[in-house]
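Q: First, the structure itself, so that you have it in front of you.
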Amino acid sequence: MAGPGFGNQSSGQRLGITEPISWSGPTEYDMIKTRELEKFLADVGLYESQEEAISREEVLGRLDQIVKTWVKNVSRAKGLNEQLVQEANAKIFTFGSYRLGVHGPGADIDTLCVGPRHATRDDDFFGELQRMLSEMPEVSELHPVPDAHVPVLKFKFSGISIDLLYAKLSLWVIPEDLDISQESILQNADEQTVRSLNGCRVTDQILRLVPNIQNFRTTLRCMRYWAKRRGVYSNVAGFLGGINWALLVARICQLYPNALPNMLVSRFFRVYTQWRWPNPVMLCEIEDGSLGLPVWDPRRNPKDRFHLMPIITPAYPCMNSSYNVSSSTLRIMTNEFQRGNEICEAMDANKCNWDKLFELYPFFEAYKNYLQIDVTAANAADLMNWKGWVESRLRQLTLKIERHTLNMLQCHPHPGDFSDKSRPFYCCYFMGLQRKQGVAANEGEQFDIRLTVEEFKHAVGMYNTWKPGMEIHVCHVKRRSIPAFVFPGGVRPRPTKVAGEGRRPSQTKVSSHTEDSSFPKALNGGSKRKRDDTDTATSLNAKRIAGVGESGELVHEGRPSGCIGTSYLGNASLEMPGKIFNEKVEDNMGNGLENPICLPQASSQNGGELDASLRLDPSTPADSISLSSKEAEKLAIEKMMTGPYVAHQTFPQELDELEDDPEYKNQGKITGGSVKGSSMESSATKGSLIVSLTTSTAAGSCSSLQSSGKLEELEPPELLPPASRLNSATSAPKPVLRFNFTSLAKATGESTKT
């Protein structure tokens with residue numbers, strides 16, 4: 001499939017830290033399915049037009065001329081002689097999706113400006129260059145972010161979005177043929193320069209370490225689109241960003257060097273379904289280097305042991321690119337891997353197509369309880385700054401909720417914001433909430449997270465460029481009260497019908513197998529296994545991943561939350577249309593009050609026996625697979641789970657990164673306990689909305705259970721006095737099992753500013 005120049009290796013030469021799992025080449029079946037995949041990606045608009053590609057090249061050329069003029073102006077202003085001024089040079093590099101060749105229409109371009117030692121970041125890059133850009137008619141929406149972990153200038157140039165970083169090297173003159181892949185380029189560089197250079201160095205190293213660049217690009221384009229559709233594409237929200245997905249796909253390309261994208265997508269889900277995190281994903285060995293820069297190593301760095309899903313960058317200094325992942329987001333992603341694996345097996349058995357894999361995740365149907373975070377400002381410019389700051393801190397709210405409830409309350413952050421056209425200078429974020437699966441709810445059990453929410457608001461209030469009008473509100477909303485503007489077209493979808501009452505028109509029929517109760521078997525590649533065996537595999541896998549179990553989950557209007565994005569987000573039944581979804585729920589629910597048993601998963605996370613439908617060659621019938629081929633693949637994956645970097649975690653908790661985050665440190669210190677004019681007690685003492693997540697069926701233990709056996713939304717009981725909790729803000733929170741959401745809009749009826 002790949003043309004000349006797309007290969008990085010000759011046949012039999014290994015790329016990566018282990019031998020490939022399979023050297024097999026493509027079959028006719030792979031070629032057909034790969035063409036189908038490429039057509040699908042083109043039909044959904046993932047490729048830019050030739051005109052847009054030319055425009056991008058012109059913009060990059062123009063930007064390169066601008067920085068060359070800029071550095072000469074800086075050199076002249078600093079008194080350098082005319083010869084040095086003429087020799088002064090700066091150079092533009094690209095990285096990210098554009099450099100990898102997987103960007104789509106309208107995507108931004110990640111760029112790096114490399115300048116000489118006398119051109120400073122603060123005074124010259126965010127001073128003179130910013131001024132020059134602001135005076136150009138082609139430049140719009142100029143937004144400097146100098147205090148970010150990686151300082152960046154954001155703007156649009158002739159309508160094309162640009163993210164421009166700066167790296168100041170210890171050179172007086174930047175040569176036009178500069179090779180930034182050399183380790184010596186980091187000599188005497190400051191931390192911000194090292195981080196800025198890292199994007200380009202990592203991107204180039206990935207392209208060197210994959211066996212076939214064209215196959216890598218098609219597969220990565222596919223996985224990026226899949227991750228966005230399934231709501232797991234966002235580094236800032238605690239999921240994975242572009243570089244993380246690129247590293248995961250590159251590792252699969254190394255393990256199957258001669259495979260086409262069809263097989264690489266299938267193997268992506270198969271391998272990472274069996275992956276035992278926190279074992280790291282690495283494209284090459286980690287080297288200490290000669291400059292003494294810190295590298296990721298849980299054996300020597302205690303903080304690295306708390307990383308839940310390490311994905312290590314291949315360029316020195318090697319770092320964990322996915323440190324934002326929390327226990328909740330890891331659980332969500334592993335369940336999505338499982339769902340993808342089951343659908344790929346169904347496609348191998350010709351029981352569904354690519355459309356099924358890319359179905360949009362129904363976030364606002366998946367949970368019964370949500371946190372809504374409202375962000376407002378006085379004008380558009382303030383909203384852009386304030387929104388960016390709040391969004392960068394939202395992950396801390398997830399971490400704190402998990403830690404303060406001992407991981408009993410799990411969060412699912414939506415990887416994006418929403419705006420209401422009727423409210424100017426406003427946006428909001430949402431988090432789905434659920435009790436940890438496998439933990440039975442005690443009578444009257446609740447979670448109290450008032451102090452957690454107040455701590456989060458207090459931290460957000462440390463924004464050092466806060467202005468009047470910048471406000472944040474955090475409140476609890478139930479699914480039925482989700483505002484209509486979050487839905488496409490501002491139209492709230494009709495409630496899902498009860499068991500067997502119809503099919504949503506937006507869903508696609510997979511095959512004739514989906515019309516009966518045998519559909520889960522279709523997703524398992526047609527294999528016929530006993531239910532008790534699969535339930536055992538499910539239990540093992542779930543316990544390995546996130547403590548998922550069969551009881552203690554929320555109930556969802558008469559249907560089990562375990563099959564609606566809670567205990568098993570990746571469950572095949574989650575995305576099944578009307579009749580099929582409801583038939584399986586009806587089978588599992590019994591009398592409508594008991595928690596269901598989720599559909600079985602395809603394999604166990606601890607390397608147990610693989611599903612009989614797994615096969616190395618997709619053209620081989622499932623019933624003719626030998627045990628040795630299944631075991632060979634399983635053992636090859638299992639072998640990658642052994643190595644010197646296996647993290648030793650004792651308790652699945654995250655560190656409180658507020659004190660250690662450089663971005664937080666830059667925002668100033670907490671003084672006097674005040675937060676921009678409001679106190680910690682501002683909302684909690686005025687009233688709170690108490691919500692119970694109990695699913696107990698004992699008489700009188702749950703207000704949601706009615707005499708008819710029908711479930712309805714939980715109503716708030718009386719307000720609890722929060723004073724005792726608020727007075728212990730500096731002490732370690734106790735696992736108080738009360739679930740209390742501060743509702744500023746409902747409880748206080750007034751605006752509260754952080």
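Chain identifiers are assigned as A, B, and so on, following the order in which chains appear in the structure tokens; residues are numbered from 1 within each chain, and ligands are numbered from 1 in order of appearance.
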Please identify all polymer residues within 7 Å of range 154-162 of chain A, counting only C-alpha atoms, omitting same-chain residues fewer than 5 positions from it, and present them as a list in words.

A: Val59, Asp108, Ile109, Asp110, Glu138, Val139, Ser140, Glu141, Leu142, His143 and Pro144 of chain A

Q: One decimal, in Å: what's the spacing between CA of Tyr463 in chain A and CA of Phe447 in chain A?

A: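 Pair CA of Tyr463 in chain A / CA of Phe447 in chain A returns 28.8 Å.
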
Q: Name the residues in contact with Leu100 in chain A at a cut-off of 10 Å, using only C-alpha atoms, excluding same-chain residues fewer than 5 positions from it; report them as a PDB file with C-alpha atoms, in the first residue's frame.

A:
ATOM      1  CA  THR A  94       6.500  22.419  12.875  1.00  0.00           C
ATOM      2  CA  PHE A  95       5.390  19.575  15.119  1.00  0.00           C
ATOM      3  CA  THR A 203       7.475  14.197  16.612  1.00  0.00           C
ATOM      4  CA  ASP A 204      10.548  13.645  14.463  1.00  0.00           C
ATOM      5  CA  ILE A 206       8.218   9.011  16.167  1.00  0.00           C
ATOM      6  CA  LEU A 207       8.510   9.238  12.379  1.00  0.00           C
ATOM      7  CA  ILE A 213       4.966   6.116   7.770  1.00  0.00           C
ATOM      8  CA  PHE A 216       1.072   4.899  10.590  1.00  0.00           C
ATOM      9  CA  ARG A 217      -0.565   8.098   9.394  1.00  0.00           C
ATOM     10  CA  LEU A 220      -3.380   7.493  13.598  1.00  0.00           C
ATOM     11  CA  ARG A 221      -5.894   9.572  11.670  1.00  0.00           C
ATOM     12  CA  ILE A 243       0.946  13.122  21.038  1.00  0.00           C
ATOM     13  CA  ALA A 246       0.501   9.044  18.211  1.00  0.00           C
TER      14      ALA A 246
END

Q: Which residue out of A:Pro302, A:Ala259, A:Val265, A:Ser321 has the minimum interatomic distance to Asn244 in chain A when only C-alpha atoms are used?

A: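 Answer, going by the shortest atom-to-atom distance: A:Ser321.
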
Q: Which neighbours of range 384-388 of chain A fall inside 10 Å, counting only C-alpha atoms, when residues of the same chain fewer than 2 positions from it are skipped, and could you give them as a list in words?

A: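 The residues satisfying every condition are His143, Pro144, Val145, Asp374, Val375, Thr376, Ala377, Asn379, Ala380, Ala381, Asp382, Val390, Glu391, Ser392, Arg393, Asp417, Phe425, Tyr426, Cys427, Cys428, Val460, Tyr463, Thr465, Trp466, Lys467, Gly469, Met470, Glu471 and Ile472 of chain A.
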
Q: Measuring atom to atom with only C-alpha atoms, identify which of A:Phe125, A:Tyr29, A:Tyr166, A:Tyr272 is nearest to Phe93 in chain A.

A: A:Tyr166

Q: Would you list, as a tab-separated table (two decimals) with C-alpha atoms, in the first residue's frame, the residues of range 145-372 of chain A that end up in helix (DSSP H, G or I) under DSSP run on this structure's backbone?

A:
chain	number	residue	atom	x	y	z
A	183	GLU	CA	21.12	16.07	22.16
A	184	SER	CA	23.67	18.89	22.22
A	185	ILE	CA	20.94	21.33	21.22
A	186	LEU	CA	19.72	21.20	24.83
A	191	GLU	CA	13.32	24.38	31.32
A	192	GLN	CA	10.86	26.24	29.11
A	193	THR	CA	13.15	25.86	26.11
A	194	VAL	CA	13.59	22.15	26.77
A	195	ARG	CA	9.82	21.69	26.95
A	196	SER	CA	9.30	23.77	23.82
A	197	LEU	CA	11.91	21.81	21.86
A	198	ASN	CA	10.49	18.52	23.09
A	199	GLY	CA	7.43	18.70	20.83
A	200	CYS	CA	9.51	18.85	17.64
A	201	ARG	CA	12.09	16.34	18.84
A	202	VAL	CA	9.43	13.81	19.85
A	203	THR	CA	7.48	14.20	16.61
A	204	ASP	CA	10.55	13.64	14.46
A	205	GLN	CA	11.63	10.67	16.56
A	206	ILE	CA	8.22	9.01	16.17
A	207	LEU	CA	8.51	9.24	12.38
A	208	ARG	CA	11.94	7.60	12.60
A	209	LEU	CA	10.70	4.74	14.79
A	213	ILE	CA	4.97	6.12	7.77
A	214	GLN	CA	1.95	6.03	5.46
A	215	ASN	CA	0.30	3.15	7.30
A	216	PHE	CA	1.07	4.90	10.59
A	217	ARG	CA	-0.56	8.10	9.39
A	218	THR	CA	-3.76	6.42	8.22
A	219	THR	CA	-4.06	4.44	11.45
A	220	LEU	CA	-3.38	7.49	13.60
A	221	ARG	CA	-5.89	9.57	11.67
A	222	CYS	CA	-8.43	6.83	12.34
A	223	MET	CA	-7.66	6.58	16.06
A	224	ARG	CA	-7.74	10.34	16.56
A	225	TYR	CA	-11.19	10.50	15.00
A	226	TRP	CA	-12.34	7.52	17.07
A	227	ALA	CA	-11.06	9.11	20.30
A	228	LYS	CA	-12.87	12.38	19.56
A	229	ARG	CA	-16.13	10.57	18.76
A	242	GLY	CA	-2.59	14.11	20.06
A	243	ILE	CA	0.95	13.12	21.04
A	244	ASN	CA	-0.33	10.38	23.35
A	245	TRP	CA	-2.42	8.75	20.63
A	246	ALA	CA	0.50	9.04	18.21
A	247	LEU	CA	2.79	7.16	20.61
A	248	LEU	CA	0.22	4.42	21.23
A	249	VAL	CA	-0.35	3.93	17.49
A	250	ALA	CA	3.39	3.99	16.76
A	251	ARG	CA	3.94	1.14	19.24
A	252	ILE	CA	1.31	-0.97	17.48
A	253	CYS	CA	3.02	-0.26	14.15
A	254	GLN	CA	6.27	-1.57	15.65
A	255	LEU	CA	4.56	-4.74	16.88
A	261	PRO	CA	-4.28	0.08	8.77
A	262	ASN	CA	-7.24	-2.30	8.99
A	263	MET	CA	-5.21	-4.79	10.97
A	264	LEU	CA	-3.37	-2.08	12.91
A	265	VAL	CA	-6.67	-0.62	14.18
A	266	SER	CA	-7.85	-4.06	15.23
A	267	ARG	CA	-4.57	-4.85	16.97
A	268	PHE	CA	-4.56	-1.45	18.66
A	269	PHE	CA	-7.68	-2.40	20.59
A	270	ARG	CA	-6.57	-5.96	21.15
A	271	VAL	CA	-3.18	-5.06	22.62
A	272	TYR	CA	-4.37	-2.19	24.83
A	273	THR	CA	-7.35	-4.20	26.05
A	274	GLN	CA	-4.83	-6.65	27.48
A	302	PRO	CA	8.85	8.70	43.70
A	303	LYS	CA	6.36	10.90	41.83
A	304	ASP	CA	6.64	8.74	38.72
A	305	ARG	CA	5.23	5.82	40.69
A	306	PHE	CA	1.86	7.56	40.88
A	327	SER	CA	-8.15	6.68	37.86
A	328	SER	CA	-11.56	7.72	36.50
A	329	THR	CA	-10.34	8.67	33.04
A	330	LEU	CA	-8.19	5.53	32.87
A	331	ARG	CA	-11.24	3.42	33.66
A	332	ILE	CA	-13.21	5.16	30.93
A	333	MET	CA	-10.49	4.70	28.32
A	334	THR	CA	-9.85	1.03	29.11
A	335	ASN	CA	-13.56	0.34	28.78
A	336	GLU	CA	-13.58	2.13	25.44
A	337	PHE	CA	-10.63	-0.02	24.32
A	338	GLN	CA	-12.69	-3.07	25.24
A	339	ARG	CA	-15.67	-1.84	23.25
A	340	GLY	CA	-13.43	-1.17	20.25
A	341	ASN	CA	-11.92	-4.64	20.51
A	342	GLU	CA	-15.34	-6.29	20.49
A	343	ILE	CA	-16.51	-4.29	17.49
A	344	CYS	CA	-13.33	-5.04	15.54
A	345	GLU	CA	-13.88	-8.74	16.21
A	346	ALA	CA	-17.44	-8.36	14.96
A	347	MET	CA	-16.13	-6.67	11.81
A	348	ASP	CA	-13.71	-9.57	11.26
A	354	TRP	CA	-16.77	0.93	10.43
A	355	ASP	CA	-19.79	3.09	11.29
A	356	LYS	CA	-20.38	1.12	14.47
A	357	LEU	CA	-16.84	1.74	15.73
A	363	PHE	CA	-22.48	11.56	27.29
A	364	PHE	CA	-25.70	13.17	28.47
A	365	GLU	CA	-27.53	9.85	28.44
A	366	ALA	CA	-24.82	7.97	30.29
